[in-house]
4 protein chains.
Amino acid sequence: MDKGMRIAINTGGGDAPGLNAVIKAVVMGADSRNWEVYGIKNGYAGLLNTDEMFRLTPAMVHDICSLGGTILGTTNKGNPFKMPITNLAGETEIRDVSDKVMDNFKRLRFDCLIAVGGDGSLEIAYDFFKKGMPVIGVPKTIDNDIRATVITFGFDTAVNIATEAIDRLHSTAKSHDRVMVVEVMGRNAGWIALHSGVSGSANVILIPEIPFDIDKICDHVSELELQGHHYAIVVVAEGAVPLGGRVIDKGNGEVGRQHVVLGGVGEYVAKEIARKTGKDTRSLVLGHLQRGGSPTTFDRLMGLRFGAAAVRMAEEKKFGTMVALNPPVVTAIPLSDVIGNIKRVPTDIDTIKTAREIGISFGD
Amino acid sequence: MDKGMRIAINTGGGDAPGLNAVIKAVVMGADSRNWEVYGIKNGYAGLLNTDEMFRLTPAMVHDICSLGGTILGTTNKGNPFKMPITNLAGETEIRDVSDKVMDNFKRLRFDCLIAVGGDGSLEIAYDFFKKGMPVIGVPKTIDNDIRATVITFGFDTAVNIATEAIDRLHSTAKSHDRVMVVEVMGRNAGWIALHSGVSGSANVILIPEIPFDIDKICDHVSELELQGHHYAIVVVAEGAVPLGGRVIDKGNGEVGRQHVVLGGVGEYVAKEIARKTGKDTRSLVLGHLQRGGSPTTFDRLMGLRFGAAAVRMAEEKKFGTMVALNPPVVTAIPLSDVIGNIKRVPTDIDTIKTAREIGISFGD
Amino acid sequence: MDKGMRIAINTGGGDAPGLNAVIKAVVMGADSRNWEVYGIKNGYAGLLNTDEMFRLTPAMVHDICSLGGTILGTTNKGNPFKMPITNLAGETEIRDVSDKVMDNFKRLRFDCLIAVGGDGSLEIAYDFFKKGMPVIGVPKTIDNDIRATVITFGFDTAVNIATEAIDRLHSTAKSHDRVMVVEVMGRNAGWIALHSGVSGSANVILIPEIPFDIDKICDHVSELELQGHHYAIVVVAEGAVPLGGRVIDKGNGEVGRQHVVLGGVGEYVAKEIARKTGKDTRSLVLGHLQRGGSPTTFDRLMGLRFGAAAVRMAEEKKFGTMVALNPPVVTAIPLSDVIGNIKRVPTDIDTIKTAREIGISFGD
Amino acid sequence: MDKGMRIAINTGGGDAPGLNAVIKAVVMGADSRNWEVYGIKNGYAGLLNTDEMFRLTPAMVHDICSLGGTILGTTNKGNPFKMPITNLAGETEIRDVSDKVMDNFKRLRFDCLIAVGGDGSLEIAYDFFKKGMPVIGVPKTIDNDIRATVITFGFDTAVNIATEAIDRLHSTAKSHDRVMVVEVMGRNAGWIALHSGVSGSANVILIPEIPFDIDKICDHVSELELQGHHYAIVVVAEGAVPLGGRVIDKGNGEVGRQHVVLGGVGEYVAKEIARKTGKDTRSLVLGHLQRGGSPTTFDRLMGLRFGAAAVRMAEEKKFGTMVALNPPVVTAIPLSDVIGNIKRVPTDIDTIKTAREIGISFGD
């Protein structure tokens, strides 16, 4: 009888709800073919220090689908091609340790690496593929900004958590006649802000794709007041920018533009609204709450389907590809087509059009 | 200045999470065009007795997106073409009162009826269209069984509620080494059972599209036991059928087949598993819990997009059509193409394939 | 140095949210004293067949507080004083195997058994105490019907789940002008029905402590209709009884009274309301949904406090007692005072008075 | 027939889940006595400008129990004894307008004001009582820091929301081997941090009542690491203070002590842990999320019982008192005993003892 495959799997980048569903489907799909699956911990760490690698069995994954995070651990700093190494003298230098990873991979006779991750992790996977590793990618992004797939897991949960938070803020905003500004994830693309803002009955939504004019926002808030609507909800993507440039804090109490800053745009918008409209205004950053917790049904299903598809692709030896949803089917697309290709919100899509028609301002 | 349109809107059939989002988008979309919208209560009742009709204003709909149900009320028995009328003597007869509805519609100078409903309601809307009423349909189905649209609102919420219930049953099933049988909605199509079962880590899923063999189910439960997995979750669509016919309760304690019964299949399956495997087994019917409560983000967005699109179609005078999702756009399709066309689960789709690969039995 | 204690812990009866919190606190509290804790699986099974016993370490319990069920498993049929034993011929007889449990307990040099359970389990614990076992009890009841403690864990979660379900039913009941009857747990005491019904804005609440008159219920539903309130929510404890006796299904289509039946009272009430008022009426049994899922904060805290207190009592050698909440402190009370002493709802308590004042009918 | 009472009701201070339950019970309780209830909007604003006052009917309050916020609106700046008044020249001065409130109260022939609020609002209510107004107070505090009642509504919901957030952070913290610092409400008292931290399996809890030593916290985090527990959850009350004084940001990049600052302690703790342990550390402020959303069953019941009790006290003419829970009964206590009497966490209570025994550090 033909010997089955020996699969390695890792998860990289920020954690996303649905990662455990991918792991479950890979383990179960492999098990149904009598293959073996090994978990590589913390990105590629488990292929550098093979102590951090372990056999994954069906019993270990049966119940993990409903759990947030990833049972394999993850990391944002584990690129083996540019690994920060600290020597005994305490000095840190950047080294390429990818050969060590390749050696371990071969020595342990793995037949395939299933690499689950975002843009950065998929790029690393592609680099290993070019070095000869049989790789299959699985896309992961809370932000919904990977172009090559219509959608992936993580986003639906993040949006539902954000919407639930916005729902909660309505009652307190209304009770106090307040403006509440909520900053949600989305450094490059405004998908989370758009979807949670529209479904959470926000009055203003600010996304990176539509630079905002703070005066237009204030006009909208005042207009609402005239209509007898004394409170307002403003949803801001963390990458939202004012017309003319990004907001920076000059450190001397003034706020400048044009330079990039991370974070803070929600607080900036809140302060400006308070200053210009005189309304009682509060801001809030949802942050890591959007990552955590039990995945929605959609994200579990998406994760399971992607994991099962990855195993099928391994069976068909379609290496160097990534699974992608092209409804209603899951297909394989070359990793080379995926890298560095961000999916931003087209400003003319139906959801934006709908948002404007139901009275939401984008500050433009 | 051109006079704007006067829109009537009603909701029919079982309530579904997302109905209020449709209403909101219709009212706001109309308001942005300076049109008027009137709510027709309880299906067509408000067009028979015009006391039950009222002007819908933006202030009335601002916050309704997060609410379950429908602020217009709904009904399952309000077909004006076959209306049950009870006279003073207490006798009920079926009458066609559609002319009265047409008269009121014209007398009140409505320019369009936006009819939100499932298969039955859309068929009534189509009948009125054939009588000359300018109608636009909006599809609604918790069961995801309307063929003409890829998806509509209501389903995502129902599936998430069912999944959450299944999650809860895991802990009690595991603590007691029990088999838990959960009956979910789906008289003709198994979408809810399939999606909630897969994402809820069910061990067995029974859907109308795949007749089940009770012995295969019991074998699977026993097989799990041998693997050290002493409990099991079985998700059953209410329309699931055993090989050879539907289950009926003959009333004398025996269970027969071949005739249609509504409900009860979950309890039947539970009893058979208990009898044949000797396992402690419990059953549960989720029922109306699946309809209620705050819609998910997906269902709110879908409802809003459909409502906004319906107004655009009214503007373009595309009467006799229904809004439908054909990703990424919302289009208009003729109502004549919609009627009586159920979307069942294709037994070879990716989700079924994935389910089998991760070890789920369909009892076949 | 003095040798530490060796603790055994088991959980018995129906599972309740908060059991894992008790286990965590026992393990951590013992660990902080350098003691050892062993988990006994499935009630007393682990003391009969010592294969089913295992050392519990801090790492195993760190994250279990948020999980429903019990990691030790539980059982409703494991009384070692009356154990059903099946011989090779397939015959089952009841045997007293308590000596075997005692022998194993002594042989393994346990210093204390912490027995977590409801009325039945605590009675068994007390019987072992009388045989010489150093026992400490921890009360567990979803139904809130153990008299000796003001409250215990499990109840708050069950009530919140029931209330959330009732909240969901409001929107569908209102949309359809329906009467929804929800049957909740509570065979002997109506605490869950009372608390979830009052906070879920039920119109009628039926509890075992107040026999109901079906005509009074129907009058109340009709009265609501006259006030323009066309739907109603009726919450029924599974042990609710009509005036004159419990409901039984005579099997010939008629419903009788006076004999005990389990379950079914919700459906009976629904049918009678439909028959007598002509309203569209549906019924639903929450069942095991009330047991499952993540415990509320209250139940986790209660479980942790009880577990920690049990360890303190073991330290003080207060055997033969049960931990009990006597706000604000946790005390030890003799197990002999606990047994067979049900806490029913006093019909004159503040919550009943409040319920009546806000317009809720108890059908009396 | 004797004329019934005419009741006014207002809500003041920050909104809390359960306020609408109080309003419902007051309206229904009054209605059952054939009394009238009028809602005063935004604290006392509705008694200054009587346009903002309206009759509250049973139909208006039937469904409000499950809603967060308050249908009456609230305010933090509406003390009629010290009202900021802005004249046409734009100058603001503080004026005593309490006589105007008294006049309107008498002119409209109110028999009682039910004032629902926190410490500040109850003090205003007491001042009006001293001026001759028949007042009954209802205590409201999310922070659980009103001494005169064992507990009140709002707290249980806030704690459950915080715990749910902490649960979510576990998965992301664990996946990334991170320290997550969560700042929760509690300026003067650490109840929310204590209860949510213990039930959310936090590793460190910092409360105002126990000044913390940052080095002890870092030692604890490092100790966990040695035990193989690579992540940590730190829950910080916003009023937590380091040994030797409160934290202040000196503005020049340094952090000083001894002066009071609002907010920021969570971020300070996160930065120090990152600096001293080298761990990847993130912080998060829950803020207004803790106020919003549907109240738990406990808070609804508490609100309903307090509202119904307030009406009973009005009937008995017990003016100048506040309703208070003295389990199992609700009693009336003099407002004079309530004012300025904060309930802090006793550092020797059972919950603190339990927390320490299960391995939680308070940084002391």
# chains A, B, ... in the order shown; residues from 1 in each chain; ligands from 1

$ select_by_dssp --residues "segment 92-247 of chain C" --states "alpha helix (DSSP H)" --output "ChimeraX atom specification"
/C:98-107,119-130,155-176,191-199,214-226

$ residues_around --residues "segment 311-322 of chain A" --least-positions-apart "2" --cutoff "8 Å" --atoms "only C-alpha atoms" --output "PDB file with C-alpha atoms, in the first residue's frame"
ATOM      1  CA  VAL A  26      -6.676  19.671   8.000  1.00  0.00           C
ATOM      2  CA  GLY A  29      -9.169  15.489   6.279  1.00  0.00           C
ATOM      3  CA  ALA A  30      -5.676  14.020   6.573  1.00  0.00           C
ATOM      4  CA  CYS A 112       3.757  19.493   2.541  1.00  0.00           C
ATOM      5  CA  TYR A 126       5.957  31.799  -1.116  1.00  0.00           C
ATOM      6  CA  PHE A 129       8.125  27.547  -2.054  1.00  0.00           C
ATOM      7  CA  PRO A 134       5.960  22.055  -1.162  1.00  0.00           C
ATOM      8  CA  VAL A 135       3.687  24.732   0.267  1.00  0.00           C
ATOM      9  CA  ILE A 136      -0.052  25.368   0.268  1.00  0.00           C
ATOM     10  CA  GLY A 137      -1.351  28.656   1.636  1.00  0.00           C
ATOM     11  CA  VAL A 138      -4.582  29.400   3.469  1.00  0.00           C
ATOM     12  CA  PRO A 139      -5.528  33.085   3.599  1.00  0.00           C
ATOM     13  CA  GLY A 307      -8.729  23.465   5.629  1.00  0.00           C
ATOM     14  CA  ALA A 308     -10.420  20.569   3.837  1.00  0.00           C
ATOM     15  CA  ALA A 309      -9.602  22.143   0.469  1.00  0.00           C
ATOM     16  CA  ALA A 324      -9.447  30.844  -2.336  1.00  0.00           C
ATOM     17  CA  ALA A 332      -6.355  27.070  -5.939  1.00  0.00           C
ATOM     18  CA  ILE A 333      -4.625  30.218  -7.122  1.00  0.00           C
ATOM     19  CA  PRO A 334      -0.858  30.757  -7.487  1.00  0.00           C
ATOM     20  CA  LEU A 335       0.758  32.357  -4.421  1.00  0.00           C
TER      21      LEU A 335
END

$ select_by_dssp --residues "segment 82-244 of chain B" --states "strand (DSSP E)" --output "ChimeraX atom specification"
/B:83-86,92-95,112-117,135-139,179-184,204-206,232-237

$ write_last_selection --atoms "C-alpha atoms" --output "short mmCIF file (atom, residue, chain, number, x, y, z; two decimals), in the first residue's frame"
data_model
loop_
_atom_site.label_atom_id
_atom_site.label_comp_id
_atom_site.auth_asym_id
_atom_site.auth_seq_id
_atom_site.Cartn_x
_atom_site.Cartn_y
_atom_site.Cartn_z
CA MET B 83 -59.37 35.09 2.36
CA PRO B 84 -61.22 33.18 5.09
CA ILE B 85 -64.21 35.36 6.07
CA THR B 86 -66.40 34.58 9.05
CA THR B 92 -66.30 30.71 7.58
CA GLU B 93 -66.01 30.81 3.83
CA ILE B 94 -63.10 31.51 1.49
CA ARG B 95 -63.50 34.67 -0.59
CA CYS B 112 -45.71 51.04 -5.82
CA LEU B 113 -46.07 48.18 -3.35
CA ILE B 114 -42.84 46.78 -1.94
CA ALA B 115 -43.83 43.29 -0.81
CA VAL B 116 -41.36 41.56 1.51
CA GLY B 117 -41.96 37.88 2.00
CA VAL B 135 -45.16 45.58 -7.37
CA ILE B 136 -41.55 45.00 -6.34
CA GLY B 137 -40.72 41.90 -4.32
CA VAL B 138 -38.07 41.43 -1.63
CA PRO B 139 -37.24 37.80 -0.83
CA VAL B 179 -26.45 11.60 22.71
CA MET B 180 -28.24 14.91 22.15
CA VAL B 181 -30.57 15.20 19.17
CA VAL B 182 -31.42 18.76 18.08
CA GLU B 183 -34.19 19.41 15.61
CA VAL B 184 -33.75 22.63 13.64
CA VAL B 204 -24.39 13.37 12.55
CA ILE B 205 -26.45 15.70 10.32
CA LEU B 206 -29.77 14.65 8.81
CA ALA B 232 -22.60 12.59 20.26
CA ILE B 233 -24.52 15.51 18.80
CA VAL B 234 -27.10 14.79 16.11
CA VAL B 235 -28.58 17.73 14.19
CA VAL B 236 -31.83 16.98 12.36
CA ALA B 237 -33.70 19.20 9.92
#

$ residues_around --residues "segment 296-301 of chain A" --least-positions-apart "3" --cutoff "8 Å" --atoms "only C-alpha atoms" --output "ChimeraX atom specification"
/A:17-18,21,65-66,152-157,304-305 /B:156,159-160,163,195-196,198-200,351

$ interface_residues --of "chain B" --to "chain C" --cutoff "6 Å" --atoms "only C-alpha atoms" --output "PyMOL selection string"
chain B and resi 68-70+73-75+168-169+171-172+175-176+292-293

$ write_last_selection --atoms "N, CA and C atoms" --output "CSV table (one decimal), in the first residue's frame"
chain,number,residue,atom,x,y,z
B,68,GLY,N,-35.4,42.2,16.1
B,68,GLY,CA,-36.0,41.1,15.4
B,68,GLY,C,-37.4,41.4,15.1
B,69,GLY,N,-38.1,40.5,14.4
B,69,GLY,CA,-39.5,40.6,14.0
B,69,GLY,C,-39.6,41.7,13.0
B,70,THR,N,-40.9,42.2,12.9
B,70,THR,CA,-41.2,43.3,11.9
B,70,THR,C,-42.1,44.3,12.6
B,73,GLY,N,-45.8,44.0,11.5
B,73,GLY,CA,-46.6,42.7,11.8
B,73,GLY,C,-46.6,41.9,10.5
B,74,THR,N,-47.0,40.6,10.7
B,74,THR,CA,-47.0,39.8,9.6
B,74,THR,C,-48.1,38.7,9.8
B,75,THR,N,-48.3,37.9,8.9
B,75,THR,CA,-49.4,36.9,9.0
B,75,THR,C,-49.1,35.8,8.0
B,168,ARG,N,-23.8,24.9,23.3
B,168,ARG,CA,-24.2,24.8,24.7
B,168,ARG,C,-24.5,23.3,25.0
B,169,LEU,N,-25.0,22.6,24.1
B,169,LEU,CA,-25.4,21.2,24.3
B,169,LEU,C,-24.1,20.3,24.5
B,171,SER,N,-21.4,20.8,26.2
B,171,SER,CA,-20.9,20.6,27.5
B,171,SER,C,-21.8,19.7,28.3
B,172,THR,N,-23.1,19.8,28.2
B,172,THR,CA,-23.9,18.9,29.0
B,172,THR,C,-23.9,17.4,28.4
B,175,SER,N,-20.6,16.0,29.6
B,175,SER,CA,-20.6,15.7,31.1
B,175,SER,C,-21.3,14.4,31.4
B,176,HIS,N,-22.4,14.1,30.6
B,176,HIS,CA,-23.2,13.0,30.9
B,176,HIS,C,-23.0,11.8,30.0
B,292,GLY,N,-36.2,34.5,16.3
B,292,GLY,CA,-36.2,35.7,17.1
B,292,GLY,C,-34.9,36.4,17.3
B,293,GLY,N,-34.9,37.5,17.9
B,293,GLY,CA,-33.7,38.2,18.4
B,293,GLY,C,-33.1,39.0,17.3

$ closest_residue --among "C:Ala240, C:Cys218, C:Val150, C:Ala125" --to "Pro327 of chain C" --atoms "only C-alpha atoms"
C:Val150

$ residues_around --residues "Phe105 of chain D" --least-positions-apart "3" --cutoff "10 Å" --atoms "only C-alpha atoms" --output "ChimeraX atom specification"
/D:8,47-48,50,99-102,108-113,133

$ closest_residue --among "A:Gln227, A:Ala25, A:Asn341, A:Ile124" --to "Lys353 of chain B" --atoms "only C-alpha atoms"
A:Ala25

$ residues_around --residues "Met60 of chain D" --least-positions-apart "2" --cutoff "12 Å" --atoms "only C-alpha atoms" --output "ChimeraX atom specification"
/C:228-229 /D:20,23-25,27-28,37-39,54-58,62-65,71-72

$ write_last_selection --atoms "N, CA and C atoms" --output "PDB file, in the first residue's frame"
ATOM      1  N   GLY C 228     -55.137  46.426  23.632  1.00  0.00           N
ATOM      2  CA  GLY C 228     -54.334  46.677  22.436  1.00  0.00           C
ATOM      3  C   GLY C 228     -53.041  45.893  22.420  1.00  0.00           C
ATOM      4  N   HIS C 229     -52.906  44.935  23.320  1.00  0.00           N
ATOM      5  CA  HIS C 229     -51.690  44.126  23.430  1.00  0.00           C
ATOM      6  C   HIS C 229     -52.044  42.751  22.875  1.00  0.00           C
TER       7      HIS C 229
ATOM      8  N   ASN D  20     -34.497  51.351  33.009  1.00  0.00           N
ATOM      9  CA  ASN D  20     -35.826  51.214  32.399  1.00  0.00           C
ATOM     10  C   ASN D  20     -36.723  50.252  33.167  1.00  0.00           C
ATOM     11  N   ILE D  23     -38.318  52.301  35.842  1.00  0.00           N
ATOM     12  CA  ILE D  23     -39.381  53.128  35.261  1.00  0.00           C
ATOM     13  C   ILE D  23     -40.631  52.280  35.004  1.00  0.00           C
ATOM     14  N   LYS D  24     -40.417  51.089  34.420  1.00  0.00           N
ATOM     15  CA  LYS D  24     -41.560  50.220  34.145  1.00  0.00           C
ATOM     16  C   LYS D  24     -42.330  49.891  35.427  1.00  0.00           C
ATOM     17  N   ALA D  25     -41.592  49.504  36.460  1.00  0.00           N
ATOM     18  CA  ALA D  25     -42.266  49.086  37.691  1.00  0.00           C
ATOM     19  C   ALA D  25     -42.993  50.249  38.345  1.00  0.00           C
ATOM     20  N   VAL D  27     -44.329  52.823  36.746  1.00  0.00           N
ATOM     21  CA  VAL D  27     -45.521  53.106  35.939  1.00  0.00           C
ATOM     22  C   VAL D  27     -46.599  52.036  36.168  1.00  0.00           C
ATOM     23  N   MET D  28     -46.184  50.768  36.158  1.00  0.00           N
ATOM     24  CA  MET D  28     -47.168  49.693  36.310  1.00  0.00           C
ATOM     25  C   MET D  28     -47.722  49.662  37.728  1.00  0.00           C
ATOM     26  N   VAL D  37     -48.373  58.747  36.337  1.00  0.00           N
ATOM     27  CA  VAL D  37     -46.920  58.947  36.395  1.00  0.00           C
ATOM     28  C   VAL D  37     -46.475  59.849  35.242  1.00  0.00           C
ATOM     29  N   TYR D  38     -45.617  60.821  35.555  1.00  0.00           N
ATOM     30  CA  TYR D  38     -45.059  61.699  34.527  1.00  0.00           C
ATOM     31  C   TYR D  38     -43.536  61.573  34.493  1.00  0.00           C
ATOM     32  N   GLY D  39     -43.002  61.440  33.297  1.00  0.00           N
ATOM     33  CA  GLY D  39     -41.550  61.356  33.134  1.00  0.00           C
ATOM     34  C   GLY D  39     -40.941  62.740  33.014  1.00  0.00           C
ATOM     35  N   PHE D  54     -43.632  64.341  30.195  1.00  0.00           N
ATOM     36  CA  PHE D  54     -44.719  63.658  29.477  1.00  0.00           C
ATOM     37  C   PHE D  54     -45.333  62.558  30.324  1.00  0.00           C
ATOM     38  N   ARG D  55     -46.599  62.285  30.057  1.00  0.00           N
ATOM     39  CA  ARG D  55     -47.327  61.233  30.751  1.00  0.00           C
ATOM     40  C   ARG D  55     -46.759  59.873  30.346  1.00  0.00           C
ATOM     41  N   LEU D  56     -46.484  59.008  31.299  1.00  0.00           N
ATOM     42  CA  LEU D  56     -45.998  57.654  31.029  1.00  0.00           C
ATOM     43  C   LEU D  56     -47.147  56.670  31.205  1.00  0.00           C
ATOM     44  N   THR D  57     -47.447  55.908  30.147  1.00  0.00           N
ATOM     45  CA  THR D  57     -48.558  54.946  30.218  1.00  0.00           C
ATOM     46  C   THR D  57     -48.024  53.516  30.180  1.00  0.00           C
ATOM     47  N   PRO D  58     -48.810  52.544  30.655  1.00  0.00           N
ATOM     48  CA  PRO D  58     -48.381  51.140  30.620  1.00  0.00           C
ATOM     49  C   PRO D  58     -47.913  50.708  29.232  1.00  0.00           C
ATOM     50  N   HIS D  62     -44.159  48.672  28.453  1.00  0.00           N
ATOM     51  CA  HIS D  62     -44.260  47.220  28.503  1.00  0.00           C
ATOM     52  C   HIS D  62     -42.978  46.508  28.101  1.00  0.00           C
ATOM     53  N   ASP D  63     -42.350  46.984  27.035  1.00  0.00           N
ATOM     54  CA  ASP D  63     -41.196  46.261  26.490  1.00  0.00           C
ATOM     55  C   ASP D  63     -39.841  46.857  26.847  1.00  0.00           C
ATOM     56  N   ILE D  64     -39.774  47.824  27.752  1.00  0.00           N
ATOM     57  CA  ILE D  64     -38.519  48.560  27.921  1.00  0.00           C
ATOM     58  C   ILE D  64     -37.524  47.882  28.855  1.00  0.00           C
ATOM     59  N   CYS D  65     -37.986  46.853  29.555  1.00  0.00           N
ATOM     60  CA  CYS D  65     -37.159  46.191  30.553  1.00  0.00           C
ATOM     61  C   CYS D  65     -35.856  45.633  29.973  1.00  0.00           C
ATOM     62  N   ILE D  71     -35.161  55.643  29.064  1.00  0.00           N
ATOM     63  CA  ILE D  71     -36.045  56.336  28.120  1.00  0.00           C
ATOM     64  C   ILE D  71     -36.294  57.770  28.551  1.00  0.00           C
ATOM     65  N   LEU D  72     -35.891  58.134  29.770  1.00  0.00           N
ATOM     66  CA  LEU D  72     -36.091  59.506  30.242  1.00  0.00           C
ATOM     67  C   LEU D  72     -34.900  60.402  29.956  1.00  0.00           C
TER      68      LEU D  72
END

$ residues_around --residues "Asp119 of chain D" --least-positions-apart "3" --cutoff "9 Å" --atoms "only C-alpha atoms" --output "ChimeraX atom specification"
/D:13,122-124,139-141,145-146,338-342

$ atom_distance --atom1 "atom CA of Ala162 of chain C" --atom2 "atom CA of Tyr268 of chain B"
25.8 Å

$ residues_around --residues "Gly186 of chain C" --least-positions-apart "3" --cutoff "8 Å" --atoms "only C-alpha atoms" --output "MDAnalysis selection string"
chainID C and resid 143 189:193 237:239

$ write_last_selection --atoms "N, CA and C atoms" --output "PDB file, in the first residue's frame"
ATOM      1  N   ASP C 143     -31.905  24.639  39.845  1.00  0.00           N
ATOM      2  CA  ASP C 143     -33.271  25.022  40.207  1.00  0.00           C
ATOM      3  C   ASP C 143     -33.349  25.937  41.417  1.00  0.00           C
ATOM      4  N   ALA C 189     -39.830  23.492  42.239  1.00  0.00           N
ATOM      5  CA  ALA C 189     -39.802  24.883  42.664  1.00  0.00           C
ATOM      6  C   ALA C 189     -39.797  25.778  41.433  1.00  0.00           C
ATOM      7  N   GLY C 190     -40.477  26.908  41.517  1.00  0.00           N
ATOM      8  CA  GLY C 190     -40.669  27.753  40.338  1.00  0.00           C
ATOM      9  C   GLY C 190     -39.675  28.895  40.186  1.00  0.00           C
ATOM     10  N   TRP C 191     -38.501  28.785  40.814  1.00  0.00           N
ATOM     11  CA  TRP C 191     -37.567  29.911  40.799  1.00  0.00           C
ATOM     12  C   TRP C 191     -37.169  30.357  39.390  1.00  0.00           C
ATOM     13  N   ILE C 192     -36.831  29.397  38.533  1.00  0.00           N
ATOM     14  CA  ILE C 192     -36.387  29.787  37.180  1.00  0.00           C
ATOM     15  C   ILE C 192     -37.531  30.469  36.425  1.00  0.00           C
ATOM     16  N   ALA C 193     -38.719  29.893  36.506  1.00  0.00           N
ATOM     17  CA  ALA C 193     -39.874  30.492  35.821  1.00  0.00           C
ATOM     18  C   ALA C 193     -40.152  31.892  36.362  1.00  0.00           C
ATOM     19  N   ALA C 237     -43.222  26.698  34.546  1.00  0.00           N
ATOM     20  CA  ALA C 237     -42.271  25.758  35.142  1.00  0.00           C
ATOM     21  C   ALA C 237     -42.741  24.342  34.828  1.00  0.00           C
ATOM     22  N   GLU C 238     -41.794  23.437  34.593  1.00  0.00           N
ATOM     23  CA  GLU C 238     -42.214  22.085  34.190  1.00  0.00           C
ATOM     24  C   GLU C 238     -43.062  21.397  35.262  1.00  0.00           C
ATOM     25  N   GLY C 239     -42.954  21.877  36.506  1.00  0.00           N
ATOM     26  CA  GLY C 239     -43.729  21.280  37.582  1.00  0.00           C
ATOM     27  C   GLY C 239     -45.001  22.045  37.926  1.00  0.00           C
TER      28      GLY C 239
END
